[in-house]
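Written below as structure tokens is the structure these notes are about.
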There are 2 protein chains.
Amino acid sequence: MLIEGDLKMKTESNISMNVIRRLPKYHRLLGTLQEEGISKVSSKDISDITGFTASQIRQDFNTFGGFGKQGYGYDVESLKEQIGKILGLDNFHKAIIVGAGHLGQAIANHSGFRSHFLDIQGIFDIDKEKFGLDVSGMKVKDENEMEDFIKKNNIEIAILCTPKNVAVDLTERLISFGIAGIWNFAPIQLQFDESEVVIENVNLTESLYVLSYLINEEE
Amino acid sequence: MLIEGDLKMKTESNISMNVIRRLPKYHRLLGTLQEEGISKVSSKDISDITGFTASQIRQDFNTFGGFGKQGYGYDVESLKEQIGKILGLDNFHKAIIVGAGHLGQAIANHSGFRSHFLDIQGIFDIDKEKFGLDVSGMKVKDENEMEDFIKKNNIEIAILCTPKNVAVDLTERLISFGIAGIWNFAPIQLQFDESEVVIENVNLTESLYVLSYLINEEE
């Protein structure tokens, strides 16, 4: 019984997706601590804030080589920097948006992504009427020009903002053009072998269900 | 050292947010099993697919009263139904969208949410030029009409799709109008006391960082 996609158990390097999904949370927490002028933090402190057990936190950090000595606490700045490196945040990732509808335009206009190491260099659509439209300083281009654009500009990430019925075909084309990762906003769970492409499915339903739970609990 | 918001440790009922965030994953997995015609599942099976430990899975289920007998496996359909009830999915949640920009329109047009128990009844903006615009069969209304609309239609959820600079003020107004939950897409981590309103911040940065990690790992 094997279900691929977001529910898969391990990545290629055999590190559990659950560990990996905790890393951005540690990174964000450490950023907040830094802003508050806090320079040392223990696994117990991190446990109190996140609800992960202290032993799980130490185990997570050890998975990546350990970042401190038990009993001495962690240095906030250096821990954040090291987790950032593991997350690949020391480099910008070049990206394109595929699909210049409302969602694609919303993402192009999103103020925060550039500061999070995402460098969106182009936006593409299949609809002639959208060609040349200005979106956040970029002109919408014909999807037929994607291959050249991706290869010429060493684009790593495609942000998929299309209807679901074209998402699988487009992903196959993007793989053949050399794209390394897909950030999928199309409302479909894309499932490809990790040796072909890595896919992060944005699952808004899970977020909606958490809200539903919390509202229910209040009633 | 207390940091509020998404990183907070416990909900009012003292159930860890980590448990709650696993529930939609169980629900989705059980739906997939159902589609595949599988009627029984063990915590070991669920562990193999999700990477959560079998004991954690059993503990999660026990938190909500236990759904089966150890050694006998769980009935997929009934487990899904019970988790759905805990998530409040046996009722539609009435919602409005606040902010009729690209993101608000993208969410209004999203094909999947209605099937996930979200009933979007109105869309509001502050920009006169948008008033009356048709978005997915709804006319964009003036934000000044929100209070009446929310009270008259018993709206529970506001989906916040505004720039970040107005998000806090709007949340305060929405609380005073009786909104129970905010699904926040504005690029800011909203932090309110849970006794006032429950907030689910959609944190796209975490998702982006996971993609960044996976791409890095491949290189």
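In the structure tokens, the first chain shown is A, the next is B, and so on; residue numbers restart at 1 for each chain, and ligands run from 1 in the order shown.
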Strand (DSSP E) call set, DSSP backbone run, stretch 1-214 of chain A, as an NGL selection string: :A and (40-41 or 74-75 or 93-98 or 118-125 or 134-135 or 138-139 or 141-142 or 157-160 or 181-184 or 198-201)
Stretch 145-147 of chain B environment, 10 Å, only C-alpha atoms, sequence neighbours closer than 6 positions dropped, as an NGL selection string: :B and (96 or 98 or 122-125 or 155 or 173-174 or 176-179)
Go ahead and write the selection's residues with N, CA, C and O atoms as a short mmCIF file (atom, residue, chain, number, x, y, z; two decimals), in the first residue's frame.
data_model
loop_
_atom_site.label_atom_id
_atom_site.label_comp_id
_atom_site.auth_asym_id
_atom_site.auth_seq_id
_atom_site.Cartn_x
_atom_site.Cartn_y
_atom_site.Cartn_z
N ILE B 96 -17.10 34.95 4.07
CA ILE B 96 -16.97 36.04 3.10
C ILE B 96 -15.50 36.22 2.78
O ILE B 96 -14.62 35.84 3.58
N VAL B 98 -12.69 39.11 2.13
CA VAL B 98 -12.44 40.53 2.32
C VAL B 98 -11.21 40.89 1.49
O VAL B 98 -10.11 40.42 1.77
N GLY B 122 -20.12 36.06 0.04
CA GLY B 122 -19.96 37.46 -0.38
C GLY B 122 -18.50 37.83 -0.51
O GLY B 122 -17.62 37.15 0.02
N ILE B 123 -18.25 38.90 -1.28
CA ILE B 123 -16.88 39.40 -1.43
C ILE B 123 -16.92 40.93 -1.31
O ILE B 123 -17.79 41.58 -1.89
N PHE B 124 -16.01 41.47 -0.54
CA PHE B 124 -16.03 42.89 -0.19
C PHE B 124 -14.70 43.56 -0.52
O PHE B 124 -13.65 42.91 -0.48
N ASP B 125 -14.79 44.84 -0.81
CA ASP B 125 -13.57 45.61 -1.04
C ASP B 125 -13.82 47.05 -0.59
O ASP B 125 -14.95 47.45 -0.33
N ILE B 155 -22.48 34.83 9.14
CA ILE B 155 -21.18 34.47 8.56
C ILE B 155 -20.21 34.14 9.69
O ILE B 155 -20.10 34.88 10.67
N ARG B 173 -12.09 44.93 13.37
CA ARG B 173 -13.48 45.23 12.97
C ARG B 173 -14.28 43.94 12.81
O ARG B 173 -15.42 43.85 13.28
N LEU B 174 -13.68 42.95 12.17
CA LEU B 174 -14.40 41.69 11.92
C LEU B 174 -14.77 40.99 13.24
O LEU B 174 -15.84 40.41 13.37
N SER B 176 -15.42 42.57 16.01
CA SER B 176 -16.55 43.32 16.58
C SER B 176 -17.85 43.02 15.85
O SER B 176 -18.94 43.18 16.40
N PHE B 177 -17.76 42.53 14.61
CA PHE B 177 -18.97 42.16 13.85
C PHE B 177 -19.42 40.73 14.17
O PHE B 177 -20.42 40.26 13.65
N GLY B 178 -18.61 40.01 14.97
CA GLY B 178 -19.02 38.68 15.39
C GLY B 178 -18.42 37.52 14.61
O GLY B 178 -18.86 36.38 14.75
N ILE B 179 -17.40 37.80 13.80
CA ILE B 179 -16.73 36.73 13.04
C ILE B 179 -16.01 35.78 14.02
O ILE B 179 -15.36 36.22 14.95
#
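Residue-level contacts from chain B to chain A at 6 Å, counting only C-alpha atoms, read Leu7, Lys8, Met9, Pro24, Ile49, Thr50, Gly51, Leu87, Gly88, His102, Leu103, Ala106, Glu200, Glu206, Leu211, Ser212, Tyr213 and Asn216 of chain B.
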Residue selection dump (N, CA and C atoms) as a PDB file, in the first residue's frame:
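Contents of the output file part-v3.pdb:
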ATOM      1  N   LEU B   7       2.750  29.518  16.250  1.00  0.00           N
ATOM      2  CA  LEU B   7       3.726  28.726  16.989  1.00  0.00           C
ATOM      3  C   LEU B   7       3.241  28.377  18.384  1.00  0.00           C
ATOM      4  N   LYS B   8       2.076  28.860  18.723  1.00  0.00           N
ATOM      5  CA  LYS B   8       1.628  28.601  20.096  1.00  0.00           C
ATOM      6  C   LYS B   8       1.453  27.099  20.312  1.00  0.00           C
ATOM      7  N   MET B   9       1.569  26.746  21.558  1.00  0.00           N
ATOM      8  CA  MET B   9       1.729  25.359  21.924  1.00  0.00           C
ATOM      9  C   MET B   9       0.419  24.592  21.976  1.00  0.00           C
ATOM     10  N   PRO B  24      -6.149  16.728   9.423  1.00  0.00           N
ATOM     11  CA  PRO B  24      -6.501  16.821   7.995  1.00  0.00           C
ATOM     12  C   PRO B  24      -5.687  15.847   7.143  1.00  0.00           C
ATOM     13  N   ILE B  49       2.816   5.090   5.626  1.00  0.00           N
ATOM     14  CA  ILE B  49       2.523   6.080   4.580  1.00  0.00           C
ATOM     15  C   ILE B  49       2.909   7.481   5.011  1.00  0.00           C
ATOM     16  N   THR B  50       2.600   7.831   6.263  1.00  0.00           N
ATOM     17  CA  THR B  50       2.787   9.222   6.686  1.00  0.00           C
ATOM     18  C   THR B  50       4.144   9.485   7.302  1.00  0.00           C
ATOM     19  N   GLY B  51       4.794   8.439   7.832  1.00  0.00           N
ATOM     20  CA  GLY B  51       6.054   8.664   8.534  1.00  0.00           C
ATOM     21  C   GLY B  51       5.861   9.045   9.994  1.00  0.00           C
ATOM     22  N   LEU B  87     -13.241  17.614  12.872  1.00  0.00           N
ATOM     23  CA  LEU B  87     -12.795  18.778  12.107  1.00  0.00           C
ATOM     24  C   LEU B  87     -13.955  19.733  11.791  1.00  0.00           C
ATOM     25  N   GLY B  88     -15.163  19.336  12.175  1.00  0.00           N
ATOM     26  CA  GLY B  88     -16.308  20.219  11.911  1.00  0.00           C
ATOM     27  C   GLY B  88     -16.768  20.168  10.466  1.00  0.00           C
ATOM     28  N   HIS B 102      -6.482  40.311  -6.827  1.00  0.00           N
ATOM     29  CA  HIS B 102      -6.200  39.059  -7.535  1.00  0.00           C
ATOM     30  C   HIS B 102      -6.376  37.848  -6.625  1.00  0.00           C
ATOM     31  N   LEU B 103      -5.848  37.947  -5.405  1.00  0.00           N
ATOM     32  CA  LEU B 103      -5.910  36.786  -4.519  1.00  0.00           C
ATOM     33  C   LEU B 103      -7.352  36.476  -4.108  1.00  0.00           C
ATOM     34  N   ALA B 106      -9.029  34.921  -6.947  1.00  0.00           N
ATOM     35  CA  ALA B 106      -8.533  33.554  -7.157  1.00  0.00           C
ATOM     36  C   ALA B 106      -9.214  32.594  -6.186  1.00  0.00           C
ATOM     37  N   GLU B 200      -6.263  31.270  11.349  1.00  0.00           N
ATOM     38  CA  GLU B 200      -5.368  30.345  10.650  1.00  0.00           C
ATOM     39  C   GLU B 200      -4.588  31.177   9.639  1.00  0.00           C
ATOM     40  N   GLU B 206       6.692  28.840   4.590  1.00  0.00           N
ATOM     41  CA  GLU B 206       7.118  27.518   5.060  1.00  0.00           C
ATOM     42  C   GLU B 206       7.097  26.505   3.922  1.00  0.00           C
ATOM     43  N   LEU B 211      10.242  23.364  -0.349  1.00  0.00           N
ATOM     44  CA  LEU B 211      10.633  23.162  -1.746  1.00  0.00           C
ATOM     45  C   LEU B 211      12.111  23.480  -1.932  1.00  0.00           C
ATOM     46  N   SER B 212      12.541  24.591  -1.335  1.00  0.00           N
ATOM     47  CA  SER B 212      13.942  24.990  -1.427  1.00  0.00           C
ATOM     48  C   SER B 212      14.852  23.887  -0.881  1.00  0.00           C
ATOM     49  N   TYR B 213      14.479  23.326   0.265  1.00  0.00           N
ATOM     50  CA  TYR B 213      15.261  22.225   0.852  1.00  0.00           C
ATOM     51  C   TYR B 213      15.362  21.050  -0.121  1.00  0.00           C
ATOM     52  N   ASN B 216      17.576  21.704  -3.056  1.00  0.00           N
ATOM     53  CA  ASN B 216      18.960  21.710  -2.585  1.00  0.00           C
ATOM     54  C   ASN B 216      19.512  20.311  -2.415  1.00  0.00           C
TER      55      ASN B 216
END
Residue set, stretch 47-107 of chain B restricted to alpha helix (DSSP H), as a ChimeraX atom specification: /B:47-50,54-63,76-86,102-107
A:Glu77 surroundings by only C-alpha atoms, 7 Å radius, close-in-sequence under 4 positions cut, as number ranges by chain: A: 34, 39, 81
Atom-to-atom span, atom CA of B:Gln191 and atom CA of B:Ile159, Å: 15.4 Å
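The interatomic distance for the pair atom CA of A:Val76 and atom CA of A:Leu30 works out to 6.0 Å.
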